[in-house]
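Listing of start18.pdb, PDB, C-alpha atoms, pLDDT in the B column
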```pdb
ATOM      1  CA  MET A   1      96.946  16.030 -52.974  1.00 77.00           C
ATOM      2  CA  ARG A   2      96.185  17.704 -56.284  1.00 86.00           C
ATOM      3  CA  PRO A   3      94.796  21.279 -56.217  1.00 85.00           C
ATOM      4  CA  GLU A   4      91.319  20.222 -57.393  1.00 84.00           C
ATOM      5  CA  GLU A   5      91.160  17.534 -54.677  1.00 89.00           C
ATOM      6  CA  TYR A   6      92.155  20.091 -52.059  1.00 85.00           C
ATOM      7  CA  ILE A   7      89.412  22.464 -53.227  1.00 89.00           C
ATOM      8  CA  ILE A   8      86.793  19.681 -53.054  1.00 87.00           C
ATOM      9  CA  HIS A   9      87.885  18.711 -49.522  1.00 87.00           C
ATOM     10  CA  LEU A  10      87.913  22.351 -48.432  1.00 87.00           C
ATOM     11  CA  TYR A  11      84.419  22.881 -49.861  1.00 88.00           C
ATOM     12  CA  ALA A  12      83.122  19.778 -48.013  1.00 90.00           C
ATOM     13  CA  ARG A  13      84.572  21.002 -44.692  1.00 91.00           C
ATOM     14  CA  VAL A  14      83.128  24.495 -45.097  1.00 92.00           C
ATOM     15  CA  LYS A  15      79.737  23.075 -46.121  1.00 94.00           C
ATOM     16  CA  ALA A  16      79.642  20.832 -43.019  1.00 95.00           C
ATOM     17  CA  ARG A  17      80.658  23.729 -40.773  1.00 95.00           C
ATOM     18  CA  VAL A  18      77.922  25.998 -42.143  1.00 95.00           C
ATOM     19  CA  TYR A  19      75.314  23.205 -41.958  1.00 96.00           C
ATOM     20  CA  THR A  20      76.231  22.480 -38.324  1.00 97.00           C
ATOM     21  CA  LYS A  21      75.944  26.185 -37.448  1.00 96.00           C
ATOM     22  CA  LEU A  22      72.488  26.356 -39.038  1.00 96.00           C
ATOM     23  CA  LEU A  23      71.236  23.384 -36.986  1.00 96.00           C
ATOM     24  CA  ALA A  24      73.022  24.219 -33.730  1.00 96.00           C
ATOM     25  CA  GLN A  25      70.256  26.354 -32.209  1.00 95.00           C
ATOM     26  CA  SER A  26      67.729  23.542 -32.664  1.00 96.00           C
ATOM     27  CA  PHE A  27      69.536  21.039 -30.411  1.00 96.00           C
ATOM     28  CA  PHE A  28      68.959  20.748 -26.662  1.00 96.00           C
ATOM     29  CA  ARG A  29      72.708  21.244 -26.452  1.00 97.00           C
ATOM     30  CA  ILE A  30      75.576  20.993 -28.903  1.00 97.00           C
ATOM     31  CA  GLY A  31      79.219  21.027 -27.840  1.00 97.00           C
ATOM     32  CA  LYS A  32      82.305  22.649 -29.297  1.00 97.00           C
ATOM     33  CA  ASN A  33      83.928  21.426 -32.515  1.00 97.00           C
ATOM     34  CA  THR A  34      80.996  19.149 -33.327  1.00 98.00           C
ATOM     35  CA  THR A  35      80.424  18.451 -37.017  1.00 97.00           C
ATOM     36  CA  ILE A  36      77.308  17.292 -38.834  1.00 98.00           C
ATOM     37  CA  ILE A  37      77.962  16.321 -42.439  1.00 97.00           C
ATOM     38  CA  PRO A  38      74.903  16.847 -44.655  1.00 96.00           C
ATOM     39  CA  PRO A  39      72.508  15.534 -45.607  1.00 97.00           C
ATOM     40  CA  LEU A  40      70.940  14.582 -42.270  1.00 97.00           C
ATOM     41  CA  ARG A  41      67.398  13.383 -41.652  1.00 97.00           C
ATOM     42  CA  PHE A  42      66.177  14.383 -38.192  1.00 96.00           C
ATOM     43  CA  TRP A  43      63.186  14.877 -35.904  1.00 94.00           C
ATOM     44  CA  ASN A  44      62.938  16.740 -32.567  1.00 94.00           C
ATOM     45  CA  LEU A  45      66.509  18.021 -32.374  1.00 96.00           C
ATOM     46  CA  ASN A  46      65.436  19.916 -29.241  1.00 95.00           C
ATOM     47  CA  GLN A  47      65.559  16.578 -27.368  1.00 95.00           C
ATOM     48  CA  ILE A  48      69.005  15.603 -28.686  1.00 97.00           C
ATOM     49  CA  GLN A  49      72.216  16.507 -26.869  1.00 98.00           C
ATOM     50  CA  LEU A  50      75.626  16.344 -28.537  1.00 98.00           C
ATOM     51  CA  GLY A  51      78.904  16.668 -26.651  1.00 98.00           C
ATOM     52  CA  ASN A  52      82.189  18.187 -27.788  1.00 98.00           C
ATOM     53  CA  ARG A  53      83.897  16.942 -30.955  1.00 98.00           C
ATOM     54  CA  VAL A  54      80.985  14.744 -32.037  1.00 98.00           C
ATOM     55  CA  THR A  55      80.869  13.813 -35.727  1.00 98.00           C
ATOM     56  CA  ILE A  56      77.728  12.608 -37.486  1.00 98.00           C
ATOM     57  CA  HIS A  57      78.512  11.500 -41.020  1.00 98.00           C
ATOM     58  CA  ALA A  58      76.365  11.977 -44.119  1.00 97.00           C
ATOM     59  CA  ASN A  59      72.993  10.379 -44.822  1.00 98.00           C
ATOM     60  CA  SER A  60      72.276   9.552 -41.189  1.00 98.00           C
ATOM     61  CA  TRP A  61      68.853   9.696 -39.540  1.00 98.00           C
ATOM     62  CA  ILE A  62      68.608  10.734 -35.879  1.00 98.00           C
ATOM     63  CA  GLN A  63      65.278  11.256 -34.176  1.00 97.00           C
ATOM     64  CA  VAL A  64      63.348  11.440 -30.938  1.00 96.00           C
ATOM     65  CA  LEU A  65      59.738  10.329 -31.183  1.00 93.00           C
ATOM     66  CA  ASN A  66      56.944  12.615 -30.038  1.00 80.00           C
ATOM     67  CA  ASN A  67      55.417  11.986 -26.642  1.00 62.00           C
ATOM     68  CA  THR A  68      53.584  14.924 -25.108  1.00 53.00           C
ATOM     69  CA  ASN A  69      53.278  13.209 -21.706  1.00 55.00           C
ATOM     70  CA  GLU A  70      57.002  13.017 -21.050  1.00 61.00           C
ATOM     71  CA  SER A  71      59.775  15.417 -20.039  1.00 67.00           C
ATOM     72  CA  LYS A  72      61.392  17.610 -22.665  1.00 75.00           C
ATOM     73  CA  LEU A  73      64.858  16.691 -21.365  1.00 86.00           C
ATOM     74  CA  PRO A  74      67.124  15.056 -23.962  1.00 93.00           C
ATOM     75  CA  LYS A  75      66.277  11.479 -24.882  1.00 95.00           C
ATOM     76  CA  LEU A  76      69.214  10.987 -27.250  1.00 98.00           C
ATOM     77  CA  ILE A  77      72.604  11.849 -25.769  1.00 98.00           C
ATOM     78  CA  MET A  78      75.958  11.528 -27.530  1.00 98.00           C
ATOM     79  CA  GLU A  79      78.862  12.321 -25.226  1.00 98.00           C
ATOM     80  CA  ASP A  80      82.250  13.797 -26.194  1.00 98.00           C
ATOM     81  CA  ASN A  81      84.227  12.414 -29.147  1.00 98.00           C
ATOM     82  CA  VAL A  82      81.458  10.181 -30.512  1.00 98.00           C
ATOM     83  CA  SER A  83      81.704   9.423 -34.229  1.00 98.00           C
ATOM     84  CA  ILE A  84      78.630   8.100 -36.055  1.00 98.00           C
ATOM     85  CA  GLY A  85      79.314   6.493 -39.445  1.00 98.00           C
ATOM     86  CA  MET A  86      77.450   7.173 -42.681  1.00 98.00           C
ATOM     87  CA  ASN A  87      73.845   5.974 -43.134  1.00 98.00           C
ATOM     88  CA  ALA A  88      73.256   5.405 -39.422  1.00 98.00           C
ATOM     89  CA  THR A  89      69.762   5.298 -37.929  1.00 98.00           C
ATOM     90  CA  ILE A  90      69.319   6.240 -34.259  1.00 98.00           C
ATOM     91  CA  SER A  91      65.752   6.451 -32.955  1.00 98.00           C
ATOM     92  CA  ALA A  92      64.846   7.205 -29.329  1.00 97.00           C
ATOM     93  CA  ALA A  93      61.450   7.024 -27.622  1.00 95.00           C
ATOM     94  CA  ARG A  94      62.678   6.929 -23.986  1.00 94.00           C
ATOM     95  CA  LYS A  95      66.463   7.291 -23.834  1.00 96.00           C
ATOM     96  CA  ILE A  96      69.587   6.350 -25.771  1.00 98.00           C
ATOM     97  CA  ILE A  97      72.972   7.259 -24.297  1.00 98.00           C
ATOM     98  CA  ILE A  98      76.104   6.897 -26.415  1.00 98.00           C
ATOM     99  CA  GLU A  99      79.062   7.440 -24.120  1.00 98.00           C
ATOM    100  CA  GLU A 100      82.374   9.126 -24.907  1.00 98.00           C
ATOM    101  CA  HIS A 101      84.686   7.910 -27.666  1.00 98.00           C
ATOM    102  CA  VAL A 102      82.146   5.499 -29.178  1.00 98.00           C
ATOM    103  CA  PHE A 103      82.899   4.950 -32.861  1.00 97.00           C
ATOM    104  CA  THR A 104      80.533   3.327 -35.338  1.00 98.00           C
ATOM    105  CA  ALA A 105      80.938   2.071 -38.885  1.00 98.00           C
ATOM    106  CA  ARG A 106      78.352   2.593 -41.644  1.00 98.00           C
ATOM    107  CA  ASN A 107      74.710   1.538 -41.545  1.00 98.00           C
ATOM    108  CA  VAL A 108      74.492   1.052 -37.777  1.00 98.00           C
ATOM    109  CA  TYR A 109      70.934   0.892 -36.359  1.00 98.00           C
ATOM    110  CA  ILE A 110      70.238   1.794 -32.717  1.00 98.00           C
ATOM    111  CA  SER A 111      66.692   1.939 -31.302  1.00 98.00           C
ATOM    112  CA  ASP A 112      65.105   1.829 -27.861  1.00 97.00           C
ATOM    113  CA  HIS A 113      61.708   0.685 -29.215  1.00 96.00           C
ATOM    114  CA  GLY A 114      59.999  -1.614 -31.681  1.00 94.00           C
ATOM    115  CA  HIS A 115      56.844  -1.247 -33.781  1.00 93.00           C
ATOM    116  CA  GLU A 116      53.448  -2.309 -32.463  1.00 94.00           C
ATOM    117  CA  PHE A 117      51.750  -4.922 -34.667  1.00 94.00           C
ATOM    118  CA  HIS A 118      49.029  -6.694 -32.657  1.00 93.00           C
ATOM    119  CA  ASP A 119      45.972  -5.028 -34.249  1.00 94.00           C
ATOM    120  CA  VAL A 120      45.582  -6.803 -37.604  1.00 94.00           C
ATOM    121  CA  THR A 121      42.855  -4.359 -38.672  1.00 94.00           C
ATOM    122  CA  THR A 122      45.267  -1.406 -38.596  1.00 94.00           C
ATOM    123  CA  PRO A 123      48.411  -0.926 -40.697  1.00 95.00           C
ATOM    124  CA  ILE A 124      51.542  -1.499 -38.624  1.00 93.00           C
ATOM    125  CA  ALA A 125      52.810   1.952 -39.619  1.00 90.00           C
ATOM    126  CA  LEU A 126      49.832   3.501 -37.767  1.00 93.00           C
ATOM    127  CA  GLN A 127      50.043   1.475 -34.551  1.00 93.00           C
ATOM    128  CA  GLY A 128      52.865   3.337 -32.849  1.00 90.00           C
ATOM    129  CA  VAL A 129      55.733   1.804 -30.891  1.00 93.00           C
ATOM    130  CA  ARG A 130      56.142  -0.863 -28.212  1.00 93.00           C
ATOM    131  CA  ASP A 131      58.842  -2.497 -26.098  1.00 93.00           C
ATOM    132  CA  ILE A 132      60.339   0.873 -25.128  1.00 94.00           C
ATOM    133  CA  ARG A 133      63.499   0.299 -23.070  1.00 96.00           C
ATOM    134  CA  GLU A 134      66.597   2.450 -22.529  1.00 97.00           C
ATOM    135  CA  VAL A 135      69.789   1.717 -24.504  1.00 98.00           C
ATOM    136  CA  ILE A 136      73.330   2.525 -23.374  1.00 98.00           C
ATOM    137  CA  ILE A 137      76.475   2.160 -25.487  1.00 98.00           C
ATOM    138  CA  GLY A 138      79.485   2.191 -23.161  1.00 98.00           C
ATOM    139  CA  ALA A 139      82.522   4.441 -23.515  1.00 98.00           C
ATOM    140  CA  HIS A 140      85.333   3.586 -25.934  1.00 98.00           C
ATOM    141  CA  SER A 141      83.297   0.959 -27.794  1.00 98.00           C
ATOM    142  CA  TRP A 142      83.203   0.173 -31.504  1.00 98.00           C
ATOM    143  CA  LEU A 143      80.130  -0.930 -33.484  1.00 98.00           C
ATOM    144  CA  GLY A 144      80.918  -2.638 -36.778  1.00 98.00           C
ATOM    145  CA  GLN A 145      79.181  -2.105 -40.099  1.00 98.00           C
ATOM    146  CA  ASN A 146      75.457  -2.977 -40.192  1.00 98.00           C
ATOM    147  CA  ALA A 147      75.326  -3.688 -36.443  1.00 98.00           C
ATOM    148  CA  VAL A 148      71.813  -3.563 -34.956  1.00 98.00           C
ATOM    149  CA  ILE A 149      71.295  -2.572 -31.310  1.00 98.00           C
ATOM    150  CA  LEU A 150      67.816  -3.449 -30.003  1.00 98.00           C
ATOM    151  CA  PRO A 151      65.734  -2.048 -27.095  1.00 98.00           C
ATOM    152  CA  GLY A 152      66.898  -2.581 -23.515  1.00 97.00           C
ATOM    153  CA  VAL A 153      70.510  -3.353 -24.389  1.00 98.00           C
ATOM    154  CA  ARG A 154      73.482  -2.118 -22.414  1.00 98.00           C
ATOM    155  CA  ILE A 155      76.818  -2.505 -24.150  1.00 98.00           C
ATOM    156  CA  GLY A 156      79.673  -2.176 -21.686  1.00 98.00           C
ATOM    157  CA  LYS A 157      82.743  -0.005 -22.035  1.00 98.00           C
ATOM    158  CA  HIS A 158      85.552  -0.825 -24.480  1.00 98.00           C
ATOM    159  CA  CYS A 159      83.514  -3.417 -26.374  1.00 98.00           C
ATOM    160  CA  VAL A 160      83.655  -4.494 -30.004  1.00 98.00           C
ATOM    161  CA  VAL A 161      80.432  -5.452 -31.785  1.00 98.00           C
ATOM    162  CA  GLY A 162      81.206  -7.264 -35.037  1.00 98.00           C
ATOM    163  CA  ALA A 163      79.839  -6.357 -38.450  1.00 98.00           C
ATOM    164  CA  ASN A 164      76.270  -7.531 -39.182  1.00 98.00           C
ATOM    165  CA  SER A 165      75.651  -8.434 -35.539  1.00 98.00           C
ATOM    166  CA  VAL A 166      72.237  -8.103 -33.873  1.00 98.00           C
ATOM    167  CA  VAL A 167      72.547  -7.248 -30.184  1.00 98.00           C
ATOM    168  CA  ASN A 168      69.442  -8.201 -28.178  1.00 98.00           C
ATOM    169  CA  GLN A 169      70.995  -8.637 -24.728  1.00 97.00           C
ATOM    170  CA  ASP A 170      73.605  -6.905 -22.567  1.00 98.00           C
ATOM    171  CA  ILE A 171      77.296  -7.191 -23.361  1.00 98.00           C
ATOM    172  CA  PRO A 172      79.707  -6.903 -20.403  1.00 97.00           C
ATOM    173  CA  ASP A 173      82.648  -4.482 -20.309  1.00 98.00           C
ATOM    174  CA  TYR A 174      85.749  -5.393 -22.345  1.00 98.00           C
ATOM    175  CA  SER A 175      84.053  -7.913 -24.622  1.00 98.00           C
ATOM    176  CA  VAL A 176      84.040  -8.830 -28.300  1.00 98.00           C
ATOM    177  CA  ALA A 177      80.587  -9.946 -29.487  1.00 98.00           C
ATOM    178  CA  VAL A 178      79.498 -11.126 -32.925  1.00 98.00           C
ATOM    179  CA  GLY A 179      76.614 -12.922 -34.610  1.00 97.00           C
ATOM    180  CA  VAL A 180      72.832 -13.040 -34.862  1.00 97.00           C
ATOM    181  CA  PRO A 181      72.012 -12.836 -32.057  1.00 98.00           C
ATOM    182  CA  ALA A 182      75.342 -11.454 -30.863  1.00 98.00           C
ATOM    183  CA  ARG A 183      77.255 -13.550 -28.361  1.00 98.00           C
ATOM    184  CA  VAL A 184      80.485 -12.833 -26.531  1.00 98.00           C
ATOM    185  CA  LEU A 185      83.527 -14.554 -28.051  1.00 97.00           C
ATOM    186  CA  ARG A 186      86.336 -12.834 -26.180  1.00 97.00           C
ATOM    187  CA  THR A 187      86.840 -10.863 -22.984  1.00 97.00           C
ATOM    188  CA  TYR A 188      89.796  -8.927 -21.656  1.00 96.00           C
ATOM    189  CA  ASN A 189      91.641 -10.487 -18.708  1.00 94.00           C
ATOM    190  CA  LYS A 190      92.952  -7.645 -16.539  1.00 92.00           C
ATOM    191  CA  ILE A 191      95.448  -9.945 -14.813  1.00 93.00           C
ATOM    192  CA  SER A 192      97.077 -11.452 -17.918  1.00 93.00           C
ATOM    193  CA  ARG A 193      96.352  -8.299 -19.957  1.00 94.00           C
ATOM    194  CA  LEU A 194      95.234 -10.491 -22.842  1.00 94.00           C
ATOM    195  CA  TRP A 195      92.003 -10.876 -24.816  1.00 95.00           C
ATOM    196  CA  GLU A 196      90.883 -14.439 -24.109  1.00 94.00           C
ATOM    197  CA  GLU A 197      88.333 -16.634 -25.848  1.00 94.00           C
ATOM    198  CA  VAL A 198      85.191 -17.439 -23.847  1.00 91.00           C
TER
END
```
Translate the structure described by the file into structure tokens.
Amino acid sequence: MRPEEYIIHLYARVKARVYTKLLAQSFFRIGKNTTIIPPLRFWNLNQIQLGNRVTIHANSWIQVLNNTNESKLPKLIMEDNVSIGMNATISAARKIIIEEHVFTARNVYISDHGHEFHDVTTPIALQGVRDIREVIIGAHSWLGQNAVILPGVRIGKHCVVGANSVVNQDIPDYSVAVGVPARVLRTYNKISRLWEEV
């Protein structure tokens, strides 16, 4: 690495460390060695919990929607060793849990709600949200670039969700799912210890 490249990398690391320190007090909880790479768009960090060694890459948007009638406990939880790729959007109204060692590519979208649209006399942007259902991303899973995870979905542990997939139903443990809507193509056979086509 050339000296100027080293200086740029060092500056980026220091900048992320300082930025994370500045935001840390706003979170419900933030673990050790967690890094937030700016810029970050956010809302209600006090209802977001980050584990140890979490990384949120640049240009992401993480938020918890306002609801004065509900508990102030965290509604967006990222467990230890989660890595969120650049340009991700994660929006929680009830609860989103991203379990340990989940890794996402760029542009991933995860939401536990949709937008209300039934009143044609009111702009959709002013109608609030609907279809609010908890989302869980199981431990050790990988979400490919541009993957979309919709309300009510539970992705099992050690799953692969292919690039550009839209997940609108549960995916069992040890599965590979792709497509729009996503469907399971392979599962892991614990007896043969092989990934087999469905």
Best match for closeness to A:Asn52 among A:Leu65, A:Ala16, A:Val82, A:Leu40, counting all atoms listed in the file: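 When distances to A:Asn52 are compared using all atoms listed in the file, the smallest one comes from A:Val82.
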Explicit residues for the PyMOL selection byres ((chain A and resi 101) around 7) (as a list in words):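 With the PyMOL selection byres ((chain A and resi 101) around 7) on this model, the match is Asp80, Asn81, Val82, Glu99, Glu100, Val102, Phe103, Ala139 and His140 of chain A.
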Result set of the PyMOL selection byres ((chain A and resi 155) around 10) on the coordinates above, as a VMD selection string: chain A and resid 98 135 to 139 141 149 152 to 154 156 to 161 167 169 to 175 177
Given all atoms listed in the file as the counted atoms, nearest of A:Asn46, A:Asn164, A:Ser111, A:Asn146 to A:Glu134: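 Nearest to A:Glu134: A:Ser111.
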Computed interatomic separation between atom CA of A:Asn33 and atom CA of A:Lys21 (Å):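 It comes out at 10.5 Å.
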